[in-house]
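Asks: Handing over final_23.cif, mmCIF, C-alpha atoms.
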```
data_protein
#
loop_
_atom_site.group_PDB
_atom_site.id
_atom_site.type_symbol
_atom_site.label_atom_id
_atom_site.label_comp_id
_atom_site.auth_asym_id
_atom_site.auth_seq_id
_atom_site.Cartn_x
_atom_site.Cartn_y
_atom_site.Cartn_z
ATOM 1 C CA MET J 71 -37.928 118.847 71.405
ATOM 2 C CA ALA J 72 -39.893 121.774 69.922
ATOM 3 C CA ASN J 73 -42.881 121.271 67.579
ATOM 4 C CA SER J 74 -43.953 118.077 69.323
ATOM 5 C CA GLY J 75 -47.417 118.478 67.821
ATOM 6 C CA LEU J 76 -45.939 117.403 64.494
ATOM 7 C CA LEU J 77 -44.662 114.100 65.890
ATOM 8 C CA VAL J 78 -46.416 110.730 65.549
ATOM 9 C CA GLN J 79 -45.980 107.394 67.247
ATOM 10 C CA PHE J 80 -43.276 105.171 65.762
ATOM 11 C CA PRO J 81 -45.608 102.411 64.428
ATOM 12 C CA GLU J 82 -47.700 104.979 62.554
ATOM 13 C CA LEU J 83 -44.584 106.610 61.131
ATOM 14 C CA LEU J 84 -43.168 103.230 60.082
ATOM 15 C CA THR J 85 -46.421 102.323 58.328
ATOM 16 C CA ALA J 86 -46.424 105.632 56.461
ATOM 17 C CA VAL J 87 -42.789 105.219 55.386
ATOM 18 C CA VAL J 88 -43.410 101.689 54.113
ATOM 19 C CA ALA J 89 -46.478 102.832 52.178
ATOM 20 C CA VAL J 90 -44.562 105.679 50.542
ATOM 21 C CA ARG J 91 -41.647 103.428 49.603
ATOM 22 C CA LEU J 92 -43.939 100.748 48.168
ATOM 23 C CA GLY J 93 -45.877 103.306 46.145
ATOM 24 C CA TYR J 94 -42.667 104.855 44.867
ATOM 25 C CA SER J 95 -41.329 101.486 43.775
ATOM 26 C CA LEU J 96 -44.515 100.736 41.848
ATOM 27 C CA TYR J 97 -44.495 104.225 40.288
ATOM 28 C CA THR J 98 -40.910 104.080 39.052
ATOM 29 C CA ARG J 99 -40.369 100.397 38.310
ATOM 30 C CA THR J 100 -43.642 99.106 36.835
ATOM 31 C CA TRP J 101 -46.103 100.033 34.112
ATOM 32 C CA LEU J 102 -48.485 101.219 36.842
ATOM 33 C CA GLY J 103 -46.461 104.435 37.094
ATOM 34 C CA TYR J 104 -47.138 105.321 33.475
ATOM 35 C CA LEU J 105 -50.839 104.515 33.835
ATOM 36 C CA PHE J 106 -51.029 106.724 36.914
ATOM 37 C CA TYR J 107 -49.357 109.556 34.993
ATOM 38 C CA ARG J 108 -51.845 109.203 32.115
ATOM 39 C CA GLN J 109 -54.714 109.356 34.589
ATOM 40 C CA GLN J 110 -53.199 112.485 36.184
ATOM 41 C CA LEU J 111 -52.883 114.034 32.743
ATOM 42 C CA ARG J 112 -56.519 113.395 31.787
ATOM 43 C CA ARG J 113 -57.871 114.691 35.066
ATOM 44 C CA ALA J 114 -55.748 117.836 35.012
ATOM 45 C CA ARG J 115 -56.691 118.647 31.424
ATOM 46 C CA ASN J 116 -60.362 118.380 32.347
ATOM 47 C CA ARG J 117 -60.058 120.323 35.587
ATOM 48 C CA TYR J 118 -57.635 122.998 34.378
ATOM 49 C CA PRO J 119 -58.182 123.464 30.633
ATOM 50 C CA LYS J 120 -56.076 126.659 30.764
ATOM 51 C CA GLY J 121 -53.594 125.409 33.351
ATOM 52 C CA HIS J 122 -53.631 125.378 37.145
ATOM 53 C CA SER J 123 -52.055 128.849 37.451
ATOM 54 C CA LYS J 124 -51.793 132.115 35.553
ATOM 55 C CA THR J 125 -48.183 132.643 34.516
ATOM 56 C CA GLN J 126 -46.174 135.530 33.131
ATOM 57 C CA PRO J 127 -43.174 135.162 30.782
ATOM 58 C CA ARG J 128 -39.894 136.895 31.553
ATOM 59 C CA LEU J 129 -37.967 138.565 28.716
ATOM 60 C CA PHE J 130 -34.271 139.400 29.047
ATOM 61 C CA ASN J 131 -32.600 141.047 26.028
ATOM 62 C CA GLY J 132 -33.740 138.464 23.497
ATOM 63 C CA VAL J 133 -34.075 135.496 25.849
ATOM 64 C CA LYS J 134 -37.572 134.536 26.946
ATOM 65 C CA VAL J 135 -38.565 132.182 29.772
ATOM 66 C CA LEU J 136 -42.152 130.930 29.719
ATOM 67 C CA PRO J 137 -43.548 128.872 32.618
ATOM 68 C CA ILE J 138 -46.170 126.394 31.423
ATOM 69 C CA PRO J 139 -48.604 125.144 34.097
ATOM 70 C CA VAL J 140 -49.199 121.409 33.617
ATOM 71 C CA LEU J 141 -50.898 118.582 35.511
ATOM 72 C CA SER J 142 -52.299 119.728 38.874
ATOM 73 C CA ASP J 143 -49.279 121.679 40.169
ATOM 74 C CA ASN J 144 -46.266 121.055 37.882
ATOM 75 C CA TYR J 145 -44.409 123.587 35.779
ATOM 76 C CA SER J 146 -42.738 122.916 32.465
ATOM 77 C CA TYR J 147 -40.674 125.688 30.889
ATOM 78 C CA LEU J 148 -39.885 126.937 27.415
ATOM 79 C CA ILE J 149 -36.605 128.855 27.097
ATOM 80 C CA ILE J 150 -36.374 130.793 23.833
ATOM 81 C CA ASP J 151 -33.626 132.555 21.944
ATOM 82 C CA THR J 152 -36.011 135.040 20.331
ATOM 83 C CA GLN J 153 -33.550 136.197 17.659
ATOM 84 C CA ALA J 154 -32.804 132.684 16.419
ATOM 85 C CA GLY J 155 -36.329 131.366 16.981
ATOM 86 C CA LEU J 156 -34.953 128.351 18.851
ATOM 87 C CA ALA J 157 -36.503 126.836 21.953
ATOM 88 C CA VAL J 158 -35.549 124.462 24.750
ATOM 89 C CA ALA J 159 -38.220 122.699 26.828
ATOM 90 C CA VAL J 160 -37.597 121.789 30.466
ATOM 91 C CA ASP J 161 -39.539 118.833 31.932
ATOM 92 C CA PRO J 162 -42.339 118.759 29.322
ATOM 93 C CA SER J 163 -44.770 116.471 31.139
ATOM 94 C CA ASP J 164 -47.832 117.479 29.089
ATOM 95 C CA PRO J 165 -46.811 117.453 25.410
ATOM 96 C CA ARG J 166 -50.082 119.062 24.321
ATOM 97 C CA ALA J 167 -49.599 122.124 26.537
ATOM 98 C CA VAL J 168 -45.942 122.489 25.560
ATOM 99 C CA GLN J 169 -46.702 122.092 21.852
ATOM 100 C CA ALA J 170 -49.431 124.750 22.075
ATOM 101 C CA THR J 171 -46.875 127.181 23.547
ATOM 102 C CA ILE J 172 -44.330 126.314 20.851
ATOM 103 C CA GLU J 173 -46.903 127.034 18.147
ATOM 104 C CA LYS J 174 -48.023 130.269 19.796
ATOM 105 C CA GLU J 175 -44.422 131.491 20.009
ATOM 106 C CA ARG J 176 -43.629 130.267 16.467
ATOM 107 C CA VAL J 177 -40.326 128.722 17.465
ATOM 108 C CA ASN J 178 -38.423 125.547 16.649
ATOM 109 C CA LEU J 179 -37.981 123.067 19.502
ATOM 110 C CA VAL J 180 -34.440 121.730 19.334
ATOM 111 C CA ALA J 181 -33.832 120.363 22.855
ATOM 112 C CA ILE J 182 -35.576 118.871 25.855
ATOM 113 C CA LEU J 183 -33.859 119.116 29.233
ATOM 114 C CA CYS J 184 -35.161 116.537 31.685
ATOM 115 C CA THR J 185 -34.316 116.972 35.355
ATOM 116 C CA HIS J 186 -35.257 113.399 36.272
ATOM 117 C CA LYS J 187 -37.140 110.293 35.260
ATOM 118 C CA HIS J 188 -40.463 110.740 37.064
ATOM 119 C CA TRP J 189 -43.367 110.760 34.618
ATOM 120 C CA ASP J 190 -44.657 114.134 35.799
ATOM 121 C CA HIS J 191 -41.402 115.589 34.452
ATOM 122 C CA SER J 192 -40.587 113.294 31.516
ATOM 123 C CA GLY J 193 -43.984 112.186 30.222
ATOM 124 C CA GLY J 194 -43.926 114.362 27.100
ATOM 125 C CA ASN J 195 -40.493 113.307 25.862
ATOM 126 C CA ARG J 196 -41.775 110.713 23.419
ATOM 127 C CA ASP J 197 -44.460 112.771 21.673
ATOM 128 C CA LEU J 198 -42.408 115.952 21.411
ATOM 129 C CA SER J 199 -39.223 114.259 20.197
ATOM 130 C CA ARG J 200 -41.209 112.391 17.553
ATOM 131 C CA ARG J 201 -42.981 115.537 16.410
ATOM 132 C CA HIS J 202 -39.776 117.617 16.271
ATOM 133 C CA LYS J 203 -37.342 115.392 14.409
ATOM 134 C CA ASP J 204 -34.227 117.441 15.227
ATOM 135 C CA CYS J 205 -35.061 117.654 18.923
ATOM 136 C CA ARG J 206 -32.483 116.175 21.301
ATOM 137 C CA VAL J 207 -33.460 114.795 24.708
ATOM 138 C CA TYR J 208 -30.922 115.526 27.451
ATOM 139 C CA GLY J 209 -30.677 114.106 30.953
ATOM 140 C CA SER J 210 -28.682 111.895 33.253
ATOM 141 C CA PRO J 211 -27.806 108.391 32.035
ATOM 142 C CA GLN J 212 -28.163 107.224 35.660
ATOM 143 C CA ASP J 213 -31.844 108.064 35.829
ATOM 144 C CA GLY J 214 -33.643 106.034 33.174
ATOM 145 C CA ILE J 215 -34.953 109.119 31.346
ATOM 146 C CA PRO J 216 -37.460 107.974 28.691
ATOM 147 C CA TYR J 217 -36.307 108.610 25.098
ATOM 148 C CA LEU J 218 -32.957 110.013 26.218
ATOM 149 C CA THR J 219 -30.668 110.722 23.243
ATOM 150 C CA HIS J 220 -27.891 112.885 24.740
ATOM 151 C CA PRO J 221 -26.618 111.887 28.213
ATOM 152 C CA LEU J 222 -25.232 114.645 30.419
ATOM 153 C CA CYS J 223 -22.761 114.678 33.292
ATOM 154 C CA HIS J 224 -22.080 117.263 35.986
ATOM 155 C CA GLN J 225 -20.947 120.605 34.509
ATOM 156 C CA ASP J 226 -21.769 119.657 30.892
ATOM 157 C CA VAL J 227 -23.056 122.626 28.862
ATOM 158 C CA VAL J 228 -25.877 122.572 26.313
ATOM 159 C CA SER J 229 -25.623 125.377 23.713
ATOM 160 C CA VAL J 230 -28.669 126.503 21.726
ATOM 161 C CA GLY J 231 -28.221 129.831 19.936
ATOM 162 C CA ARG J 232 -27.255 132.312 22.654
ATOM 163 C CA LEU J 233 -28.497 129.965 25.360
ATOM 164 C CA GLN J 234 -25.732 128.435 27.452
ATOM 165 C CA ILE J 235 -27.230 125.948 29.906
ATOM 166 C CA ARG J 236 -25.106 124.039 32.394
ATOM 167 C CA ALA J 237 -26.176 120.731 33.944
ATOM 168 C CA LEU J 238 -25.446 120.305 37.645
ATOM 169 C CA ALA J 239 -25.664 116.882 39.273
ATOM 170 C CA THR J 240 -27.976 117.049 42.297
ATOM 171 C CA PRO J 241 -28.779 113.481 43.396
ATOM 172 C CA GLY J 242 -31.106 112.715 46.267
ATOM 173 C CA HIS J 243 -34.638 112.976 44.939
ATOM 174 C CA THR J 244 -33.492 110.486 42.318
ATOM 175 C CA GLN J 245 -30.057 109.024 41.753
ATOM 176 C CA GLY J 246 -29.461 110.967 38.558
ATOM 177 C CA HIS J 247 -31.351 114.196 39.251
ATOM 178 C CA LEU J 248 -29.962 117.218 37.379
ATOM 179 C CA VAL J 249 -30.735 120.907 37.638
ATOM 180 C CA TYR J 250 -30.091 123.304 34.754
ATOM 181 C CA LEU J 251 -28.474 126.725 35.058
ATOM 182 C CA LEU J 252 -29.069 129.188 32.225
ATOM 183 C CA ASP J 253 -26.067 131.533 32.166
ATOM 184 C CA GLY J 254 -27.199 135.157 32.254
ATOM 185 C CA GLU J 255 -23.929 136.617 30.950
ATOM 186 C CA PRO J 256 -24.567 136.131 27.177
ATOM 187 C CA TYR J 257 -27.802 138.146 27.377
ATOM 188 C CA LYS J 258 -26.740 140.473 30.227
ATOM 189 C CA GLY J 259 -29.494 139.333 32.552
ATOM 190 C CA PRO J 260 -29.967 137.181 35.639
ATOM 191 C CA SER J 261 -29.025 133.528 35.515
ATOM 192 C CA CYS J 262 -31.949 131.125 35.793
ATOM 193 C CA LEU J 263 -32.019 127.857 37.735
ATOM 194 C CA PHE J 264 -34.502 125.220 36.601
ATOM 195 C CA SER J 265 -34.544 123.097 39.709
ATOM 196 C CA GLY J 266 -36.950 120.240 38.976
ATOM 197 C CA ASP J 267 -37.711 118.494 42.261
ATOM 198 C CA LEU J 268 -34.535 119.505 44.085
ATOM 199 C CA LEU J 269 -35.618 122.939 45.271
ATOM 200 C CA PHE J 270 -38.957 124.737 45.489
ATOM 201 C CA LEU J 271 -39.990 128.099 46.837
ATOM 202 C CA SER J 272 -39.383 127.541 50.574
ATOM 203 C CA GLY J 273 -39.028 123.789 50.142
ATOM 204 C CA CYS J 274 -37.079 120.886 48.713
ATOM 205 C CA GLY J 275 -37.915 117.505 47.212
ATOM 206 C CA ARG J 276 -38.203 114.221 49.047
ATOM 207 C CA THR J 277 -35.123 112.035 49.223
ATOM 208 C CA PHE J 278 -36.309 108.934 47.400
ATOM 209 C CA GLU J 279 -32.972 107.637 46.102
ATOM 210 C CA GLY J 280 -30.264 108.827 48.433
ATOM 211 C CA THR J 281 -29.446 109.889 51.952
ATOM 212 C CA ALA J 282 -29.784 113.135 53.844
ATOM 213 C CA GLU J 283 -26.051 113.659 53.282
ATOM 214 C CA THR J 284 -26.569 113.277 49.526
ATOM 215 C CA MET J 285 -29.420 115.785 49.494
ATOM 216 C CA LEU J 286 -27.507 118.238 51.651
ATOM 217 C CA SER J 287 -24.592 118.158 49.219
ATOM 218 C CA SER J 288 -26.989 118.821 46.320
ATOM 219 C CA LEU J 289 -28.603 121.757 48.116
ATOM 220 C CA ASP J 290 -25.151 123.145 48.893
ATOM 221 C CA THR J 291 -24.407 123.020 45.154
ATOM 222 C CA VAL J 292 -27.297 125.438 44.656
ATOM 223 C CA LEU J 293 -26.226 127.602 47.587
ATOM 224 C CA ASP J 294 -22.959 128.283 45.780
ATOM 225 C CA LEU J 295 -24.864 130.187 43.055
ATOM 226 C CA GLY J 296 -25.457 133.936 43.105
ATOM 227 C CA ASP J 297 -28.211 135.614 45.119
ATOM 228 C CA ASP J 298 -29.769 137.155 41.996
ATOM 229 C CA THR J 299 -30.218 133.756 40.313
ATOM 230 C CA LEU J 300 -33.888 133.243 39.470
ATOM 231 C CA LEU J 301 -35.415 130.014 40.794
ATOM 232 C CA TRP J 302 -37.848 128.268 38.459
ATOM 233 C CA PRO J 303 -39.104 125.169 40.356
ATOM 234 C CA GLY J 304 -40.896 122.077 39.115
ATOM 235 C CA HIS J 305 -44.039 122.557 41.243
ATOM 236 C CA GLU J 306 -46.370 125.199 42.655
ATOM 237 C CA TYR J 307 -45.881 124.382 46.335
ATOM 238 C CA ALA J 308 -45.191 127.873 47.696
ATOM 239 C CA GLU J 309 -48.123 128.399 50.041
ATOM 240 C CA GLU J 310 -47.886 124.989 51.704
ATOM 241 C CA ASN J 311 -44.107 125.213 51.998
ATOM 242 C CA LEU J 312 -44.208 128.645 53.591
ATOM 243 C CA GLY J 313 -46.837 127.391 56.015
ATOM 244 C CA PHE J 314 -44.448 124.696 57.169
ATOM 245 C CA ALA J 315 -41.556 127.163 57.347
ATOM 246 C CA GLY J 316 -43.671 129.207 59.741
ATOM 247 C CA VAL J 317 -43.968 126.209 62.050
ATOM 248 C CA VAL J 318 -40.216 125.698 62.356
ATOM 249 C CA GLU J 319 -39.265 129.404 62.272
ATOM 250 C CA PRO J 320 -42.351 131.285 63.509
ATOM 251 C CA GLU J 321 -40.471 134.549 64.059
ATOM 252 C CA ASN J 322 -38.897 134.735 60.599
ATOM 253 C CA LEU J 323 -40.120 138.074 59.208
ATOM 254 C CA ALA J 324 -38.854 137.397 55.685
ATOM 255 C CA ARG J 325 -41.036 134.297 55.586
ATOM 256 C CA GLU J 326 -44.045 136.230 56.841
ATOM 257 C CA ARG J 327 -43.659 138.914 54.154
ATOM 258 C CA LYS J 328 -43.272 136.294 51.450
ATOM 259 C CA MET J 329 -46.307 134.377 52.705
ATOM 260 C CA GLN J 330 -48.473 137.482 52.499
ATOM 261 C CA TRP J 331 -47.400 138.026 48.892
ATOM 262 C CA VAL J 332 -47.900 134.359 47.975
ATOM 263 C CA GLN J 333 -51.383 134.296 49.463
ATOM 264 C CA ARG J 334 -52.375 137.322 47.404
ATOM 265 C CA GLN J 335 -51.024 135.623 44.288
ATOM 266 C CA ARG J 336 -52.794 132.337 44.960
ATOM 267 C CA MET J 337 -56.130 134.005 45.694
ATOM 268 C CA GLU J 338 -56.071 135.006 42.020
ATOM 269 C CA ARG J 339 -54.516 131.683 40.926
ATOM 270 C CA LYS J 340 -51.350 133.497 39.880
ATOM 271 C CA SER J 341 -48.034 131.676 39.753
ATOM 272 C CA THR J 342 -45.512 132.365 42.497
ATOM 273 C CA CYS J 343 -42.394 131.720 40.419
ATOM 274 C CA PRO J 344 -39.722 132.811 40.069
ATOM 275 C CA SER J 345 -38.178 133.670 43.397
ATOM 276 C CA THR J 346 -34.453 134.340 43.790
ATOM 277 C CA LEU J 347 -31.830 132.307 45.607
ATOM 278 C CA GLY J 348 -31.137 135.372 47.729
ATOM 279 C CA GLU J 349 -34.748 135.319 48.917
ATOM 280 C CA GLU J 350 -34.676 131.574 49.495
ATOM 281 C CA ARG J 351 -31.691 131.877 51.824
ATOM 282 C CA THR J 352 -33.785 134.067 54.137
ATOM 283 C CA TYR J 353 -36.854 131.826 54.594
ATOM 284 C CA ASN J 354 -36.362 128.354 53.057
ATOM 285 C CA PRO J 355 -35.608 126.091 56.043
ATOM 286 C CA PHE J 356 -33.974 123.455 53.840
ATOM 287 C CA LEU J 357 -31.320 126.001 52.881
ATOM 288 C CA ARG J 358 -30.862 127.152 56.476
ATOM 289 C CA THR J 359 -29.490 124.077 58.232
ATOM 290 C CA HIS J 360 -26.487 126.194 59.268
ATOM 291 C CA CYS J 361 -28.720 128.634 61.172
ATOM 292 C CA LEU J 362 -28.665 128.609 64.961
ATOM 293 C CA ALA J 363 -32.401 129.319 65.230
ATOM 294 C CA LEU J 364 -33.305 126.106 63.424
ATOM 295 C CA GLN J 365 -30.735 124.079 65.324
ATOM 296 C CA GLU J 366 -32.147 125.274 68.642
ATOM 297 C CA ALA J 367 -35.736 124.634 67.545
ATOM 298 C CA LEU J 368 -35.252 121.099 66.275
ATOM 299 C CA GLY J 369 -32.625 119.697 68.572
ATOM 300 C CA PRO J 370 -28.910 119.653 69.329
ATOM 301 C CA GLY J 371 -26.599 120.363 66.455
ATOM 302 C CA PRO J 372 -23.490 122.259 65.421
ATOM 303 C CA GLY J 373 -23.034 125.966 65.891
ATOM 304 C CA PRO J 374 -23.666 128.366 63.013
ATOM 305 C CA THR J 375 -20.044 128.416 61.939
ATOM 306 C CA SER J 376 -19.474 124.658 62.138
ATOM 307 C CA ASP J 377 -18.475 122.643 59.091
ATOM 308 C CA ASP J 378 -19.966 119.487 60.582
ATOM 309 C CA GLY J 379 -21.776 118.229 57.472
ATOM 310 C CA TYR J 380 -23.131 115.125 59.173
ATOM 311 C CA SER J 381 -24.922 117.132 61.853
ATOM 312 C CA ARG J 382 -26.375 119.466 59.246
ATOM 313 C CA ALA J 383 -27.570 116.364 57.407
ATOM 314 C CA GLN J 384 -29.289 115.150 60.570
ATOM 315 C CA LEU J 385 -31.093 118.481 60.819
ATOM 316 C CA LEU J 386 -32.106 118.272 57.166
ATOM 317 C CA GLU J 387 -33.431 114.758 57.719
ATOM 318 C CA GLU J 388 -35.502 115.952 60.683
ATOM 319 C CA LEU J 389 -36.868 118.876 58.664
ATOM 320 C CA ARG J 390 -37.855 116.525 55.869
ATOM 321 C CA ARG J 391 -39.559 114.145 58.297
ATOM 322 C CA LEU J 392 -41.561 116.946 59.883
ATOM 323 C CA LYS J 393 -42.474 118.403 56.490
ATOM 324 C CA ASP J 394 -43.792 115.050 55.283
ATOM 325 C CA MET J 395 -46.183 114.981 58.232
ATOM 326 C CA HIS J 396 -47.145 118.628 58.068
ATOM 327 C CA LYS J 397 -50.664 119.442 56.947
ATOM 328 C CA SER J 398 -51.151 122.976 55.744
ATOM 329 C CA LYS J 399 -54.018 124.712 57.539
#
```
Could you rewrite the structure in this file as structure tokens?

Replies:
Amino acid sequence: MANSGLLVQFPELLTAVVAVRLGYSLYTRTWLGYLFYRQQLRRARNRYPKGHSKTQPRLFNGVKVLPIPVLSDNYSYLIIDTQAGLAVAVDPSDPRAVQATIEKERVNLVAILCTHKHWDHSGGNRDLSRRHKDCRVYGSPQDGIPYLTHPLCHQDVVSVGRLQIRALATPGHTQGHLVYLLDGEPYKGPSCLFSGDLLFLSGCGRTFEGTAETMLSSLDTVLDLGDDTLLWPGHEYAEENLGFAGVVEPENLARERKMQWVQRQRMERKSTCPSTLGEERTYNPFLRTHCLALQEALGPGPGPTSDDGYSRAQLLEELRRLKDMHKSK
């Protein structure tokens, strides 16, 4: 099998898997998870008083999307209907940073959209919902979202002014993970996907609460969206992810061009989001399990036109395993 340098002996792999699973259980099921989040928050505020990355808002005919750098590599987002002065926050993990943006923009926060329960995405729900009395907290009822007030199911739509935001069920990272699709039609601009920990620039989230088949189905949900859809991920992982993509597809020229751009951005601590789904199809290995080049590199699998979902899931599982052991140079 190709890329044998990334492989480890079975006992070492088993130990690593057990350690990850134990840590995840403590993080999600005990008070230690919240304490760890609070420690992350304090350290990040001290280390990055202005945020870990320099971001730029995007304005589309009266709709504004503002990335907010929080913690050490997370992004929260504020989506604003500028005419109505109404705002929606996505994954507001640092309530202080999100509140500062709300005050700077002079808008009224009326909704929080939470992609999943992890504290680095939901940690600000309590403070912001208490401060903004009319603010509703949306998310999946399957995920244990803190301070959830309005449960959402697959294809439910949240309307705020001209903002039409559709929830899409994408389990795998967590059982109830949702992504949110801002419809571009009302403001005659590109649609925007707020992907939480499902999809990153050239990467995808770990499968903590599901199978490879589950995650593949969720990624395919995203693949059904248009190429011009803007991808706003939950983390700044671009440089590391593209480094791994170069290991599994070293001759991918689209990846090489994107890596050069990302490295220039990161040298100046500039954000790398958004990308587009059209771009991601060309270099994100987790969206390319149908591609013959990956199948040949990582082992036997179906041909490029096969509908064999199980075999694609096996390839996705192998990609995820290799990524977890990859150390960016």

Asks: Evaluate the PyMOL selection byres ((chain J and resi 386-394) around 8) and record the selected residues as a list in words, following the chain and residue labels used in the document.

Replies: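 Selected by the PyMOL selection byres ((chain J and resi 386-394) around 8) here: Leu76, Leu77, Arg276, Ala282, Leu286, Phe314, Pro355, Phe356, Thr359, Leu368, Arg382, Ala383, Gln384, Leu385, Met395 and His396 of chain J.
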
Asks: Could you check how far atom CA of Asp290 of chain J sits from atom CA of Val317 of chain J, in Å to one decimal?

Replies: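 Separating atom CA of Asp290 of chain J from atom CA of Val317 of chain J is a distance of 23.2 Å.
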
Asks: How far is it from atom CA of Val158 of chain J to atom CA of Asn311 of chain J, in Å with one decimal?

Replies: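 So the two atoms, atom CA of Val158 of chain J and atom CA of Asn311 of chain J, lie 28.6 Å apart.
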
Asks: Figure out the distance between atom CA of Thr125 of chain J and atom CA of Ser341 of chain J, please, to one decimal in Å.

Replies: 5.3 Å

Asks: I need the residue set behind the PyMOL selection byres ((chain J and resi 260-266) around 10) for this file; please write it as a PyMOL selection string.

Replies: chain J and resi 130+135+144-147+160-161+183-186+191+235-238+240+243+247-259+267-270+274-275+292+295-305+344+346-347

Asks: Given all atoms listed in the file as the basis, pick out the residue of J:Leu96, J:Glu309, J:Arg358, J:Ile172 nearest to Arg334 of chain J.

Replies: J:Glu309

Asks: Please identify all polymer residues lying at most 9 Å from the point (-55.5, 130.2, 36.4) (file coordinates), using only C-alpha atoms, and present the result as a count of residues only.

Replies: 12

Asks: Kindly indicate which residue among J:Arg232, J:Arg351, J:His224, J:Arg336 lies nearest to Ser272 of chain J, using only C-alpha atoms for the distances.

Replies: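 Using only C-alpha atoms, the shortest distance to Ser272 of chain J belongs to J:Arg351.
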
Asks: Using the chain letters and numbering of this document, enumerate as a VMD selection string the residues selected by the PyMOL selection byres ((chain J and resi 104-117) around 12).

Replies: chain J and resid 93 to 94 96 to 103 118 to 123 139 to 144 163 to 167 187 to 194 216

Asks: Just the residues within 8 Å of segment 199-205 of chain J, please, counting all atoms listed in the file, with nothing from its chain fewer than 3 positions along; format it as an NGL selection string.

Replies: :J and (179-182 or 195-196)

Asks: With only C-alpha atoms as the counted atoms, please give the residues lying no more than 10 Å from Val332 of chain J, apart from itself and same-chain residues fewer than 3 positions off, as a PyMOL selection string.

Replies: chain J and resi 308-309+312+326-329+335-337+340-343

Asks: Using all atoms listed in the file, which of J:Leu233, J:Val207, J:His360, J:His220 sits nearest Gly132 of chain J?

Replies: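 The closest residue to Gly132 of chain J is J:Leu233.
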
Asks: Around all the atoms of segment 304-321 of chain J listed in the file, draw an axis-aligned box and extend it by 6 Å on each of the six sides; I want its centre and edge lengths in Å to one decimal, as JSON.

Replies:
```
{"center_x": -43.7, "center_y": 128.3, "center_z": 51.6, "size_x": 20.9, "size_y": 24.5, "size_z": 36.9}
```

Asks: Find the residues near Glu350 of chain J: any atom within 8 Å, counting only C-alpha atoms, skip ones fewer than 5 places away on the same chain, and give them as a list in words.

Replies: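 After dropping sequence-adjacent residues, the list is Leu271, Ser272, Ser345 and Leu357 of chain J.
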